[in-house]
file start_23.cif (mmCIF, C-alpha atoms; chains and numbers go by the auth columns)
data_target
#
loop_
_atom_site.group_PDB
_atom_site.id
_atom_site.type_symbol
_atom_site.label_atom_id
_atom_site.label_comp_id
_atom_site.label_asym_id
_atom_site.label_seq_id
_atom_site.Cartn_x
_atom_site.Cartn_y
_atom_site.Cartn_z
_atom_site.B_iso_or_equiv
_atom_site.auth_seq_id
_atom_site.auth_asym_id
ATOM 1 C CA MET A 1 1.124 -178.112 -26.616 0.00 1 A
ATOM 2 C CA THR A 2 1.622 -181.603 -27.975 0.00 2 A
ATOM 3 C CA ALA A 3 0.286 -182.403 -31.421 0.00 3 A
ATOM 4 C CA ARG A 4 -2.671 -184.727 -31.458 0.00 4 A
ATOM 5 C CA PRO A 5 -2.682 -187.567 -33.991 0.00 5 A
ATOM 6 C CA GLY A 6 -4.577 -186.578 -37.123 0.00 6 A
ATOM 7 C CA GLN A 7 -5.027 -182.947 -36.098 0.00 7 A
ATOM 8 C CA HIS A 8 -3.873 -181.776 -39.510 0.00 8 A
ATOM 9 C CA LEU A 9 -6.959 -183.452 -40.970 0.00 9 A
ATOM 10 C CA ILE A 10 -9.361 -181.178 -39.104 0.00 10 A
ATOM 11 C CA GLU A 11 -11.214 -178.744 -41.329 0.00 11 A
ATOM 12 C CA LEU A 12 -13.900 -176.199 -40.569 0.00 12 A
ATOM 13 C CA THR A 13 -16.519 -174.916 -42.960 0.00 13 A
ATOM 14 C CA ASP A 14 -16.344 -171.233 -43.833 0.00 14 A
ATOM 15 C CA LYS A 15 -19.340 -170.523 -41.582 0.00 15 A
ATOM 16 C CA GLN A 16 -17.891 -172.461 -38.650 0.00 16 A
ATOM 17 C CA ALA A 17 -14.607 -170.559 -38.975 0.00 17 A
ATOM 18 C CA GLU A 18 -16.474 -167.257 -39.261 0.00 18 A
ATOM 19 C CA VAL A 19 -18.433 -167.935 -36.065 0.00 19 A
ATOM 20 C CA LEU A 20 -15.211 -168.788 -34.213 0.00 20 A
ATOM 21 C CA ALA A 21 -13.482 -165.703 -35.617 0.00 21 A
ATOM 22 C CA HIS A 22 -16.286 -163.470 -34.340 0.00 22 A
ATOM 23 C CA MET A 23 -16.092 -165.194 -30.950 0.00 23 A
ATOM 24 C CA ALA A 24 -12.331 -164.585 -30.890 0.00 24 A
ATOM 25 C CA ARG A 25 -13.043 -160.885 -31.401 0.00 25 A
ATOM 26 C CA GLY A 26 -15.312 -160.921 -28.360 0.00 26 A
ATOM 27 C CA LEU A 27 -18.782 -161.091 -29.898 0.00 27 A
ATOM 28 C CA GLY A 28 -21.478 -163.135 -28.184 0.00 28 A
ATOM 29 C CA GLN A 29 -23.952 -165.295 -30.050 0.00 29 A
ATOM 30 C CA PRO A 30 -26.552 -162.531 -30.588 0.00 30 A
ATOM 31 C CA GLY A 31 -23.854 -160.194 -31.933 0.00 31 A
ATOM 32 C CA ILE A 32 -22.512 -162.910 -34.217 0.00 32 A
ATOM 33 C CA ALA A 33 -26.028 -163.551 -35.502 0.00 33 A
ATOM 34 C CA ARG A 34 -26.471 -159.855 -36.301 0.00 34 A
ATOM 35 C CA GLU A 35 -23.047 -159.615 -37.936 0.00 35 A
ATOM 36 C CA MET A 36 -23.607 -162.711 -40.098 0.00 36 A
ATOM 37 C CA GLN A 37 -27.295 -161.956 -40.654 0.00 37 A
ATOM 38 C CA ILE A 38 -28.373 -165.389 -39.434 0.00 38 A
ATOM 39 C CA SER A 39 -30.397 -166.571 -36.443 0.00 39 A
ATOM 40 C CA VAL A 40 -28.868 -167.199 -33.035 0.00 40 A
ATOM 41 C CA GLN A 41 -29.929 -170.836 -33.435 0.00 41 A
ATOM 42 C CA THR A 42 -27.902 -171.074 -36.653 0.00 42 A
ATOM 43 C CA VAL A 43 -24.903 -169.577 -34.841 0.00 43 A
ATOM 44 C CA ARG A 44 -25.319 -172.284 -32.193 0.00 44 A
ATOM 45 C CA THR A 45 -25.518 -174.965 -34.883 0.00 45 A
ATOM 46 C CA HIS A 46 -22.272 -173.783 -36.518 0.00 46 A
ATOM 47 C CA LEU A 47 -20.579 -173.481 -33.128 0.00 47 A
ATOM 48 C CA ARG A 48 -21.681 -176.945 -32.024 0.00 48 A
ATOM 49 C CA ALA A 49 -20.435 -178.472 -35.286 0.00 49 A
ATOM 50 C CA ALA A 50 -17.076 -176.696 -34.956 0.00 50 A
ATOM 51 C CA MET A 51 -16.743 -177.895 -31.368 0.00 51 A
ATOM 52 C CA GLU A 52 -17.406 -181.474 -32.444 0.00 52 A
ATOM 53 C CA ARG A 53 -14.850 -181.300 -35.254 0.00 53 A
ATOM 54 C CA LEU A 54 -12.215 -179.823 -32.944 0.00 54 A
ATOM 55 C CA GLY A 55 -13.008 -181.983 -29.927 0.00 55 A
ATOM 56 C CA ALA A 56 -13.642 -178.854 -27.870 0.00 56 A
ATOM 57 C CA VAL A 57 -15.583 -178.788 -24.610 0.00 57 A
ATOM 58 C CA ASN A 58 -16.942 -175.252 -25.117 0.00 58 A
ATOM 59 C CA GLY A 59 -16.796 -172.298 -27.485 0.00 59 A
ATOM 60 C CA LEU A 60 -13.732 -170.684 -25.932 0.00 60 A
ATOM 61 C CA HIS A 61 -11.875 -173.986 -26.156 0.00 61 A
ATOM 62 C CA ALA A 62 -12.911 -174.265 -29.824 0.00 62 A
ATOM 63 C CA VAL A 63 -11.527 -170.781 -30.531 0.00 63 A
ATOM 64 C CA ALA A 64 -8.238 -171.602 -28.797 0.00 64 A
ATOM 65 C CA LEU A 65 -7.886 -174.899 -30.666 0.00 65 A
ATOM 66 C CA ALA A 66 -8.739 -173.335 -34.023 0.00 66 A
ATOM 67 C CA ILE A 67 -6.161 -170.586 -33.529 0.00 67 A
ATOM 68 C CA GLY A 68 -3.563 -173.077 -32.327 0.00 68 A
ATOM 69 C CA LEU A 69 -4.164 -175.319 -35.330 0.00 69 A
ATOM 70 C CA GLY A 70 -3.957 -172.405 -37.742 0.00 70 A
ATOM 71 C CA LEU A 71 -7.581 -172.775 -38.824 0.00 71 A
ATOM 72 C CA LEU A 72 -8.376 -169.100 -38.268 0.00 72 A
ATOM 73 C CA HIS A 73 -6.676 -166.206 -40.008 0.00 73 A
ATOM 74 C CA ASP A 74 -3.649 -164.650 -38.331 0.00 74 A
ATOM 75 C CA ASP A 75 -5.462 -161.358 -37.735 0.00 75 A
ATOM 76 C CA VAL A 76 -7.857 -163.158 -35.381 0.00 76 A
ATOM 77 C CA ALA A 77 -4.993 -164.442 -33.253 0.00 77 A
ATOM 78 C CA ILE A 78 -3.403 -161.001 -33.202 0.00 78 A
ATOM 79 C CA THR A 79 -6.688 -159.351 -32.260 0.00 79 A
ATOM 80 C CA THR A 80 -7.284 -161.942 -29.542 0.00 80 A
ATOM 81 C CA ASN A 81 -3.789 -161.590 -28.101 0.00 81 A
ATOM 82 C CA HIS A 82 -3.980 -157.810 -28.248 0.00 82 A
ATOM 83 C CA ALA A 83 -7.336 -157.777 -26.467 0.00 83 A
ATOM 84 C CA ARG A 84 -5.834 -159.604 -23.468 0.00 84 A
ATOM 85 C CA ARG A 85 -3.032 -157.089 -22.867 0.00 85 A
#
call {"tool": "encode", "arguments": {"input": "start_23.cif", "output": "C-alpha cells"}}
result
Amino acid sequence: MTARPGQHLIELTDKQAEVLAHMARGLGQPGIAREMQISVQTVRTHLRAAMERLGAVNGLHAVALAIGLGLLHDDVAITTNHARR
C-alpha cells in the first residue's frame, strides 16, 4: 500500500479507536454499545467520525486503515489476522 500524503497526521480519539478495536474483534454496533456502555447511536457517531478522519468508505475500511496506519494496538491486528485463518 502506498503512503498517502499527510497520513501520519491522522489521529483518532480514544473512543473512536475503541469502537474500531471492537469492530476488529468482530463485534457489531449493538455489542459495541453494550461493551462500552453507550448507546448504539453514540457508537455510530464515533464510527462516522473515525471514518471521516480516515477517509474510509465504511466501517470495515476504517478498521483496515486504522490497523495499517498503526492507530490501533498490535493485539487488535493479531486478533483480526488470527480470526481470518
call {"tool": "closest_residue", "arguments": {"input": "start_23.cif", "among": "A:Leu54, A:Leu69, A:Val19, A:Leu60", "to": "Ile38 (chain A)", "atoms": "only C-alpha atoms"}}
result
A:Val19
call {"tool": "residues_around", "arguments": {"input": "start_23.cif", "residues": "region 42-51 of chain A", "least_positions_apart": "3", "cutoff": "10 Å", "atoms": "only C-alpha atoms", "output": "PyMOL selection string"}}
result
chain A and resi 10-20+23+28-34+36-39+54-63+65-66
call {"tool": "closest_residue", "arguments": {"input": "start_23.cif", "among": "A:Glu35, A:Gln41, A:Glu52, A:Ala21", "to": "Leu72 (chain A)", "atoms": "all atoms listed in the file"}}
result
A:Ala21
